[in-house]
Amino acid sequence: MRAPPFLLFVVILSAAAGDRVGGSVGITSDYRFDGLSQSNSEPAVQGELHFRSNPDGRSTWFTGIWASTVQLGDEQPRSVQLQAFLGRGWAFDSDWQGKLSVAHYVHPWNALLRRYNYDEFAAEIGFRDAAALTVTYSPNTDLYSRRRFAENKASIAYELSGRVPIGRAFSAFAGAGYRDLQRLFQTGYWYGSLGVGYDGARLHASFMRVQTDHTAQRLFYGDGARPTWIGTLLWTY
(Lines give C-alpha, C1' and ligand atoms only; values in the text may rest on other atoms or scores of the structure.)
Protein backbone atom coordinates (compact mmCIF):
# COMPACT_ATOMS: atom_id res chain seq x y z
CA MET A 1 0.00 0.00 0.00
CA ARG A 2 2.94 2.29 0.22
CA ALA A 3 4.19 4.24 -2.70
CA PRO A 4 5.08 3.14 -5.21
CA PRO A 5 2.20 0.66 -4.85
CA PHE A 6 3.59 -1.93 -7.23
CA LEU A 7 7.35 -1.61 -6.75
CA LEU A 8 7.85 -4.72 -4.62
CA PHE A 9 5.13 -6.52 -6.56
CA VAL A 10 6.91 -5.93 -9.86
CA VAL A 11 10.35 -6.86 -8.50
CA ILE A 12 9.00 -10.19 -7.21
CA LEU A 13 7.32 -10.98 -10.52
CA SER A 14 10.45 -10.11 -12.49
CA ALA A 15 12.62 -12.19 -10.18
CA ALA A 16 10.70 -15.29 -11.19
CA ALA A 17 11.65 -14.66 -14.80
CA GLY A 18 15.30 -14.07 -13.95
CA ASP A 19 15.49 -10.80 -15.88
CA ARG A 20 18.04 -8.17 -14.95
CA VAL A 21 16.00 -5.34 -16.48
CA GLY A 22 12.25 -4.98 -16.12
CA GLY A 23 9.49 -2.54 -15.45
CA SER A 24 5.80 -1.75 -15.67
CA VAL A 25 3.24 0.74 -16.94
CA GLY A 26 -0.27 1.04 -15.60
CA ILE A 27 -3.21 3.08 -14.43
CA THR A 28 -4.96 3.22 -11.06
CA SER A 29 -8.27 4.84 -10.21
CA ASP A 30 -6.69 6.58 -7.17
CA TYR A 31 -3.00 6.74 -6.22
CA ARG A 32 -2.96 6.17 -2.46
CA PHE A 33 0.04 6.46 -0.11
CA ASP A 34 -0.52 5.11 3.42
CA GLY A 35 -4.25 5.46 2.84
CA LEU A 36 -4.04 9.08 1.59
CA SER A 37 -4.77 10.06 -2.01
CA GLN A 38 -1.88 11.61 -3.94
CA SER A 39 -4.00 12.16 -7.06
CA ASN A 40 -6.93 14.10 -5.55
CA SER A 41 -9.10 10.93 -5.68
CA GLU A 42 -8.68 10.87 -9.47
CA PRO A 43 -7.00 8.29 -11.77
CA ALA A 44 -3.21 8.28 -12.03
CA VAL A 45 -0.87 6.93 -14.70
CA GLN A 46 2.21 5.16 -13.35
CA GLY A 47 5.39 3.59 -14.69
CA GLU A 48 8.55 1.97 -13.39
CA LEU A 49 11.92 0.73 -14.69
CA HIS A 50 14.41 -1.27 -12.61
CA PHE A 51 17.69 -3.18 -12.84
CA ARG A 52 18.76 -6.10 -10.66
CA SER A 53 22.38 -7.22 -10.39
CA ASN A 54 21.90 -10.93 -9.68
CA PRO A 55 18.30 -11.98 -10.30
CA ASP A 56 18.89 -15.70 -9.76
CA GLY A 57 21.17 -15.41 -6.73
CA ARG A 58 20.45 -15.43 -3.00
CA SER A 59 21.19 -11.70 -2.82
CA THR A 60 20.79 -8.91 -5.34
CA TRP A 61 21.21 -5.17 -5.66
CA PHE A 62 18.36 -3.34 -7.37
CA THR A 63 17.91 0.22 -8.57
CA GLY A 64 15.50 2.11 -10.74
CA ILE A 65 13.05 4.94 -11.17
CA TRP A 66 9.29 5.12 -10.68
CA ALA A 67 6.81 7.82 -11.77
CA SER A 68 3.17 8.73 -11.21
CA THR A 69 0.87 11.59 -12.02
CA VAL A 70 -0.17 13.44 -8.86
CA GLN A 71 -2.49 16.21 -7.69
CA LEU A 72 -2.24 17.12 -4.02
CA GLY A 73 -5.37 19.28 -3.84
CA ASP A 74 -8.25 20.86 -5.77
CA GLU A 75 -6.29 24.08 -6.27
CA GLN A 76 -3.07 22.33 -7.32
CA PRO A 77 -2.36 21.50 -10.98
CA ARG A 78 -1.72 17.91 -12.02
CA SER A 79 1.97 17.09 -12.09
CA VAL A 80 4.42 14.18 -11.92
CA GLN A 81 6.13 12.60 -8.94
CA LEU A 82 9.39 10.74 -9.54
CA GLN A 83 11.11 8.31 -7.23
CA ALA A 84 14.69 7.08 -7.59
CA PHE A 85 15.43 4.01 -5.48
CA LEU A 86 18.37 1.78 -4.55
CA GLY A 87 18.33 -1.32 -2.40
CA ARG A 88 19.47 -4.84 -1.68
CA GLY A 89 17.41 -7.97 -1.26
CA TRP A 90 18.29 -11.32 0.32
CA ALA A 91 16.77 -14.80 0.17
CA PHE A 92 17.76 -16.23 3.55
CA ASP A 93 16.31 -19.65 2.65
CA SER A 94 13.44 -21.02 0.60
CA ASP A 95 10.89 -19.32 2.87
CA TRP A 96 12.30 -16.04 4.20
CA GLN A 97 13.37 -12.93 2.28
CA GLY A 98 14.55 -9.48 3.34
CA LYS A 99 15.07 -6.09 1.74
CA LEU A 100 16.68 -2.77 2.62
CA SER A 101 16.18 0.26 0.39
CA VAL A 102 16.55 4.02 0.16
CA ALA A 103 14.48 6.31 -2.08
CA HIS A 104 14.24 9.96 -3.00
CA TYR A 105 10.91 11.47 -4.13
CA VAL A 106 10.88 14.64 -6.26
CA HIS A 107 8.40 16.78 -8.22
CA PRO A 108 10.71 18.30 -10.85
CA TRP A 109 8.12 20.06 -13.04
CA ASN A 110 6.14 21.86 -10.35
CA ALA A 111 7.81 24.51 -8.21
CA LEU A 112 4.94 24.53 -5.69
CA LEU A 113 5.27 20.78 -5.07
CA ARG A 114 9.04 20.81 -4.58
CA ARG A 115 8.49 21.53 -0.88
CA TYR A 116 7.09 17.98 -0.74
CA ASN A 117 10.32 16.35 -1.96
CA TYR A 118 11.54 13.87 0.62
CA ASP A 119 13.74 10.84 1.38
CA GLU A 120 12.69 7.42 2.60
CA PHE A 121 14.46 4.42 4.16
CA ALA A 122 12.70 1.05 4.29
CA ALA A 123 13.35 -2.37 5.83
CA GLU A 124 11.22 -5.37 4.99
CA ILE A 125 11.05 -9.05 5.89
CA GLY A 126 8.80 -11.48 4.04
CA PHE A 127 7.68 -15.09 4.36
CA ARG A 128 7.43 -16.74 0.93
CA ASP A 129 5.00 -14.62 -1.09
CA ALA A 130 2.42 -14.89 1.69
CA ALA A 131 3.28 -12.18 4.24
CA ALA A 132 5.55 -9.18 4.72
CA LEU A 133 6.34 -6.68 7.47
CA THR A 134 7.67 -3.30 6.39
CA VAL A 135 9.02 -0.38 8.43
CA THR A 136 9.59 2.90 6.59
CA TYR A 137 11.29 6.04 7.94
CA SER A 138 11.42 9.51 6.43
CA PRO A 139 13.64 12.17 8.05
CA ASN A 140 12.13 15.10 6.13
CA THR A 141 8.37 14.68 5.63
CA ASP A 142 6.23 17.68 4.62
CA LEU A 143 2.43 17.44 5.08
CA TYR A 144 -0.42 19.93 4.95
CA SER A 145 -3.33 19.23 7.29
CA ARG A 146 -6.31 20.99 8.85
CA ARG A 147 -4.04 21.89 11.78
CA ARG A 148 -1.08 23.39 9.90
CA PHE A 149 1.64 22.80 7.35
CA ALA A 150 4.38 20.68 8.95
CA GLU A 151 7.74 20.95 7.22
CA ASN A 152 10.87 18.81 7.30
CA LYS A 153 9.81 16.52 10.16
CA ALA A 154 10.52 12.83 10.77
CA SER A 155 7.77 10.25 10.27
CA ILE A 156 7.63 6.47 10.43
CA ALA A 157 5.16 3.86 9.18
CA TYR A 158 4.65 0.19 10.05
CA GLU A 159 2.77 -2.12 7.71
CA LEU A 160 1.82 -5.81 7.73
CA SER A 161 0.49 -7.36 4.52
CA GLY A 162 -0.58 -10.83 3.41
CA ARG A 163 -1.57 -12.66 0.24
CA VAL A 164 -3.39 -15.99 -0.32
CA PRO A 165 -3.81 -17.72 -3.72
CA ILE A 166 -7.44 -18.48 -4.55
CA GLY A 167 -6.98 -19.98 -8.00
CA ARG A 168 -4.50 -20.46 -10.79
CA ALA A 169 -4.02 -16.73 -11.39
CA PHE A 170 -6.07 -15.07 -8.66
CA SER A 171 -5.28 -14.15 -5.07
CA ALA A 172 -6.79 -12.37 -2.10
CA PHE A 173 -4.69 -9.84 -0.20
CA ALA A 174 -4.97 -7.63 2.85
CA GLY A 175 -2.81 -5.12 4.69
CA ALA A 176 -2.87 -2.92 7.76
CA GLY A 177 -0.55 -0.12 8.78
CA TYR A 178 0.04 2.67 11.25
CA ARG A 179 1.65 5.98 10.29
CA ASP A 180 3.29 7.80 13.19
CA LEU A 181 3.06 11.58 12.72
CA GLN A 182 3.97 12.61 16.26
CA ARG A 183 6.72 14.96 15.07
CA LEU A 184 4.32 16.63 12.64
CA PHE A 185 0.90 16.73 14.32
CA GLN A 186 1.32 14.97 17.71
CA THR A 187 -0.76 12.03 16.48
CA GLY A 188 -0.88 9.16 14.01
CA TYR A 189 -3.48 7.16 12.13
CA TRP A 190 -4.36 3.62 11.02
CA TYR A 191 -5.03 2.51 7.46
CA GLY A 192 -5.72 -0.80 5.73
CA SER A 193 -6.78 -2.56 2.55
CA LEU A 194 -8.57 -5.70 1.42
CA GLY A 195 -8.92 -6.91 -2.15
CA VAL A 196 -8.42 -9.44 -4.92
CA GLY A 197 -5.78 -9.57 -7.63
CA TYR A 198 -5.14 -11.23 -10.98
CA ASP A 199 -1.58 -12.12 -12.02
CA GLY A 200 -1.14 -13.06 -15.66
CA ALA A 201 2.09 -13.46 -17.56
CA ARG A 202 2.27 -9.73 -18.29
CA LEU A 203 -1.10 -8.28 -17.30
CA HIS A 204 -1.91 -7.75 -13.61
CA ALA A 205 -5.06 -6.31 -12.10
CA SER A 206 -6.38 -5.61 -8.62
CA PHE A 207 -9.54 -4.34 -7.00
CA MET A 208 -9.44 -3.34 -3.35
CA ARG A 209 -11.05 -1.39 -0.57
CA VAL A 210 -8.80 1.14 1.17
CA GLN A 211 -9.77 2.18 4.69
CA THR A 212 -8.53 4.94 6.99
CA ASP A 213 -9.48 5.70 10.58
CA HIS A 214 -11.32 8.77 11.89
CA THR A 215 -8.06 10.47 12.88
CA ALA A 216 -6.91 10.57 9.26
CA GLN A 217 -10.30 11.77 8.06
CA ARG A 218 -10.33 14.59 10.63
CA LEU A 219 -6.73 15.56 9.99
CA PHE A 220 -6.72 15.87 6.21
CA TYR A 221 -8.95 17.76 3.76
CA GLY A 222 -11.43 16.56 1.17
CA ASP A 223 -12.02 13.01 0.00
CA GLY A 224 -8.33 12.11 -0.01
CA ALA A 225 -8.44 10.42 3.41
CA ARG A 226 -11.86 8.83 3.14
CA PRO A 227 -12.34 5.08 2.51
CA THR A 228 -12.68 4.18 -1.16
CA TRP A 229 -12.58 1.42 -3.75
CA ILE A 230 -9.56 1.31 -6.09
CA GLY A 231 -9.03 -0.56 -9.34
CA THR A 232 -5.64 -0.95 -11.00
CA LEU A 233 -4.31 -2.37 -14.28
CA LEU A 234 -0.60 -3.04 -14.71
CA TRP A 235 1.47 -4.31 -17.63
CA THR A 236 4.95 -5.66 -16.85
CA TYR A 237 7.85 -6.06 -19.26
# chains A, B, ... in the order shown; residues from 1 in each chain; ligands from 1
>>> residues_around(residues="range 207-223 of chain A", least_positions_apart="3", cutoff="7 Å", atoms="only C-alpha atoms", output="mmCIF file with N, CA and C atoms, in the first residue's frame")
data_model
loop_
_atom_site.group_PDB
_atom_site.id
_atom_site.type_symbol
_atom_site.label_atom_id
_atom_site.label_comp_id
_atom_site.auth_asym_id
_atom_site.auth_seq_id
_atom_site.Cartn_x
_atom_site.Cartn_y
_atom_site.Cartn_z
ATOM 1 N N GLY A 35 -2.829 5.165 2.718
ATOM 2 C CA GLY A 35 -4.245 5.462 2.837
ATOM 3 C C GLY A 35 -4.672 6.814 2.324
ATOM 4 N N SER A 41 -8.031 11.930 -5.475
ATOM 5 C CA SER A 41 -9.097 10.933 -5.684
ATOM 6 C C SER A 41 -9.447 10.750 -7.149
ATOM 7 N N SER A 145 -2.142 19.773 6.656
ATOM 8 C CA SER A 145 -3.329 19.228 7.289
ATOM 9 C C SER A 145 -4.265 20.364 7.708
ATOM 10 N N ARG A 146 -5.383 19.996 8.323
ATOM 11 C CA ARG A 146 -6.309 20.994 8.852
ATOM 12 C C ARG A 146 -5.668 21.786 9.993
ATOM 13 N N TYR A 189 -2.222 7.730 12.579
ATOM 14 C CA TYR A 189 -3.478 7.156 12.129
ATOM 15 C C TYR A 189 -3.259 5.747 11.575
ATOM 16 N N TRP A 190 -4.348 4.972 11.561
ATOM 17 C CA TRP A 190 -4.356 3.620 11.020
ATOM 18 C C TRP A 190 -4.945 3.620 9.616
ATOM 19 N N TYR A 191 -4.487 2.697 8.791
ATOM 20 C CA TYR A 191 -5.032 2.508 7.458
ATOM 21 C C TYR A 191 -4.966 1.022 7.105
ATOM 22 N N GLY A 192 -5.726 0.608 6.116
ATOM 23 C CA GLY A 192 -5.725 -0.796 5.728
ATOM 24 C C GLY A 192 -6.330 -0.996 4.363
ATOM 25 N N SER A 193 -6.211 -2.227 3.849
ATOM 26 C CA SER A 193 -6.778 -2.556 2.546
ATOM 27 C C SER A 193 -7.172 -4.024 2.514
ATOM 28 N N LEU A 194 -8.111 -4.331 1.626
ATOM 29 C CA LEU A 194 -8.574 -5.697 1.423
ATOM 30 C C LEU A 194 -9.025 -5.803 -0.022
ATOM 31 N N GLY A 195 -8.539 -6.829 -0.751
ATOM 32 C CA GLY A 195 -8.919 -6.912 -2.148
ATOM 33 C C GLY A 195 -8.563 -8.230 -2.795
ATOM 34 N N VAL A 196 -8.751 -8.276 -4.114
ATOM 35 C CA VAL A 196 -8.420 -9.443 -4.924
ATOM 36 C C VAL A 196 -7.535 -8.986 -6.071
ATOM 37 N N GLY A 197 -6.681 -9.903 -6.549
ATOM 38 C CA GLY A 197 -5.776 -9.573 -7.634
ATOM 39 C C GLY A 197 -5.719 -10.675 -8.666
ATOM 40 N N ARG A 226 -10.664 9.622 2.885
ATOM 41 C CA ARG A 226 -11.863 8.825 3.135
ATOM 42 C C ARG A 226 -11.719 7.437 2.518
ATOM 43 N N PRO A 227 -12.380 6.436 3.089
ATOM 44 C CA PRO A 227 -12.342 5.083 2.514
ATOM 45 C C PRO A 227 -12.858 5.085 1.080
ATOM 46 N N THR A 228 -12.300 4.209 0.249
ATOM 47 C CA THR A 228 -12.681 4.182 -1.157
ATOM 48 C C THR A 228 -12.359 2.827 -1.760
ATOM 49 N N TRP A 229 -12.920 2.582 -2.937
ATOM 50 C CA TRP A 229 -12.580 1.421 -3.749
ATOM 51 C C TRP A 229 -11.593 1.833 -4.826
ATOM 52 N N ILE A 230 -10.601 0.982 -5.106
ATOM 53 C CA ILE A 230 -9.562 1.306 -6.086
ATOM 54 C C ILE A 230 -9.368 0.127 -7.033
ATOM 55 N N GLY A 231 -9.352 0.423 -8.324
ATOM 56 C CA GLY A 231 -9.029 -0.562 -9.342
ATOM 57 C C GLY A 231 -7.742 -0.189 -10.044
ATOM 58 N N THR A 232 -6.933 -1.196 -10.381
ATOM 59 C CA THR A 232 -5.637 -0.954 -10.996
ATOM 60 C C THR A 232 -5.366 -1.986 -12.085
#
>>> residues_around(residues="Gln38 in chain A", least_positions_apart="3", cutoff="6 Å", atoms="only C-alpha atoms", output="PyMOL selection string")
chain A and resi 31-32+70-72
>>> write_last_selection(atoms="N, CA and C atoms", output="PDB file, in the first residue's frame")
ATOM      1  N   TYR A  31      -4.332   7.020  -6.745  1.00  0.00           N
ATOM      2  CA  TYR A  31      -3.002   6.741  -6.220  1.00  0.00           C
ATOM      3  C   TYR A  31      -3.004   7.058  -4.730  1.00  0.00           C
ATOM      4  N   ARG A  32      -2.921   6.011  -3.909  1.00  0.00           N
ATOM      5  CA  ARG A  32      -2.957   6.167  -2.456  1.00  0.00           C
ATOM      6  C   ARG A  32      -1.596   5.852  -1.848  1.00  0.00           C
ATOM      7  N   VAL A  70       0.309  13.078 -10.179  1.00  0.00           N
ATOM      8  CA  VAL A  70      -0.172  13.435  -8.856  1.00  0.00           C
ATOM      9  C   VAL A  70      -0.965  14.740  -8.923  1.00  0.00           C
ATOM     10  N   GLN A  71      -1.797  14.942  -7.918  1.00  0.00           N
ATOM     11  CA  GLN A  71      -2.491  16.210  -7.693  1.00  0.00           C
ATOM     12  C   GLN A  71      -2.812  16.267  -6.208  1.00  0.00           C
ATOM     13  N   LEU A  72      -2.154  17.125  -5.474  1.00  0.00           N
ATOM     14  CA  LEU A  72      -2.244  17.123  -4.024  1.00  0.00           C
ATOM     15  C   LEU A  72      -3.354  17.991  -3.461  1.00  0.00           C
TER      16      LEU A  72
END
>>> select_by_dssp(residues="range 46-235 of chain A", states="helix (DSSP H, G or I)", output="PDB file with N, CA and C atoms, in the first residue's frame")
ATOM      1  N   ALA A 111       7.079  23.816  -9.264  1.00  0.00           N
ATOM      2  CA  ALA A 111       7.811  24.515  -8.205  1.00  0.00           C
ATOM      3  C   ALA A 111       7.062  24.491  -6.877  1.00  0.00           C
ATOM      4  N   LEU A 112       5.716  24.527  -6.922  1.00  0.00           N
ATOM      5  CA  LEU A 112       4.935  24.526  -5.691  1.00  0.00           C
ATOM      6  C   LEU A 112       5.047  23.196  -4.948  1.00  0.00           C
ATOM      7  N   LEU A 113       5.206  22.099  -5.689  1.00  0.00           N
ATOM      8  CA  LEU A 113       5.269  20.778  -5.070  1.00  0.00           C
ATOM      9  C   LEU A 113       6.670  20.394  -4.618  1.00  0.00           C
ATOM     10  N   ARG A 114       7.674  21.178  -4.956  1.00  0.00           N
ATOM     11  CA  ARG A 114       9.035  20.808  -4.577  1.00  0.00           C
ATOM     12  C   ARG A 114       9.241  20.821  -3.069  1.00  0.00           C
ATOM     13  N   ARG A 115       8.400  21.559  -2.353  1.00  0.00           N
ATOM     14  CA  ARG A 115       8.485  21.531  -0.883  1.00  0.00           C
ATOM     15  C   ARG A 115       8.142  20.148  -0.350  1.00  0.00           C
ATOM     16  N   TYR A 116       7.456  19.326  -1.165  1.00  0.00           N
ATOM     17  CA  TYR A 116       7.087  17.976  -0.737  1.00  0.00           C
ATOM     18  C   TYR A 116       8.108  16.912  -1.146  1.00  0.00           C
ATOM     19  N   GLN A 182       3.788  11.873  15.008  1.00  0.00           N
ATOM     20  CA  GLN A 182       3.967  12.607  16.261  1.00  0.00           C
ATOM     21  C   GLN A 182       4.795  13.868  16.068  1.00  0.00           C
ATOM     22  N   ARG A 183       5.849  13.787  15.280  1.00  0.00           N
ATOM     23  CA  ARG A 183       6.716  14.956  15.070  1.00  0.00           C
ATOM     24  C   ARG A 183       6.026  16.045  14.257  1.00  0.00           C
ATOM     25  N   LEU A 184       5.003  15.655  13.490  1.00  0.00           N
ATOM     26  CA  LEU A 184       4.324  16.628  12.637  1.00  0.00           C
ATOM     27  C   LEU A 184       3.073  17.197  13.301  1.00  0.00           C
ATOM     28  N   PHE A 185       2.207  16.287  13.823  1.00  0.00           N
ATOM     29  CA  PHE A 185       0.900  16.729  14.320  1.00  0.00           C
ATOM     30  C   PHE A 185       0.561  16.152  15.693  1.00  0.00           C
ATOM     31  N   HIS A 214     -10.725   7.442  11.738  1.00  0.00           N
ATOM     32  CA  HIS A 214     -11.322   8.770  11.889  1.00  0.00           C
ATOM     33  C   HIS A 214     -10.262   9.856  12.115  1.00  0.00           C
ATOM     34  N   THR A 215      -9.127   9.486  12.692  1.00  0.00           N
ATOM     35  CA  THR A 215      -8.064  10.473  12.882  1.00  0.00           C
ATOM     36  C   THR A 215      -7.580  11.018  11.550  1.00  0.00           C
ATOM     37  N   ALA A 216      -7.344  10.139  10.593  1.00  0.00           N
ATOM     38  CA  ALA A 216      -6.908  10.569   9.261  1.00  0.00           C
ATOM     39  C   ALA A 216      -7.966  11.425   8.591  1.00  0.00           C
ATOM     40  N   GLN A 217      -9.233  11.033   8.717  1.00  0.00           N
ATOM     41  CA  GLN A 217     -10.302  11.775   8.064  1.00  0.00           C
ATOM     42  C   GLN A 217     -10.517  13.152   8.685  1.00  0.00           C
ATOM     43  N   ARG A 218     -10.243  13.275   9.991  1.00  0.00           N
ATOM     44  CA  ARG A 218     -10.332  14.594  10.634  1.00  0.00           C
ATOM     45  C   ARG A 218      -9.115  15.466  10.335  1.00  0.00           C
ATOM     46  N   LEU A 219      -7.977  14.822  10.122  1.00  0.00           N
ATOM     47  CA  LEU A 219      -6.728  15.558   9.992  1.00  0.00           C
ATOM     48  C   LEU A 219      -6.544  16.161   8.604  1.00  0.00           C
ATOM     49  N   GLY A 222     -10.790  17.144   2.338  1.00  0.00           N
ATOM     50  CA  GLY A 222     -11.427  16.556   1.169  1.00  0.00           C
ATOM     51  C   GLY A 222     -11.655  15.063   1.276  1.00  0.00           C
ATOM     52  N   ASP A 223     -11.758  14.447   0.082  1.00  0.00           N
ATOM     53  CA  ASP A 223     -12.021  13.014   0.002  1.00  0.00           C
ATOM     54  C   ASP A 223     -10.752  12.181   0.052  1.00  0.00           C
ATOM     55  N   GLY A 224      -9.598  12.821   0.108  1.00  0.00           N
ATOM     56  CA  GLY A 224      -8.333  12.105  -0.009  1.00  0.00           C
ATOM     57  C   GLY A 224      -8.019  11.159   1.123  1.00  0.00           C
ATOM     58  N   ALA A 225      -8.676  11.322   2.282  1.00  0.00           N
ATOM     59  CA  ALA A 225      -8.437  10.423   3.410  1.00  0.00           C
ATOM     60  C   ALA A 225      -9.633   9.520   3.682  1.00  0.00           C
TER      61      ALA A 225
END
>>> closest_residue(among="A:Gly126, A:Gly57, A:Gly98, A:Pro108", to="Ser79 in chain A", atoms="only C-alpha atoms")
A:Pro108
>>> atom_distance(atom1="CA of Asp95 in chain A", atom2="CA of Phe127 in chain A")
5.5 Å
>>> closest_residue(among="A:Ser68, A:Ala154, A:His107, A:Trp96", to="Glu120 in chain A", atoms="only C-alpha atoms")
A:Ala154
>>> closest_residue(among="A:Val45, A:Tyr118, A:Ala131, A:Asp56", to="Asp19 in chain A", atoms="only C-alpha atoms")
A:Asp56
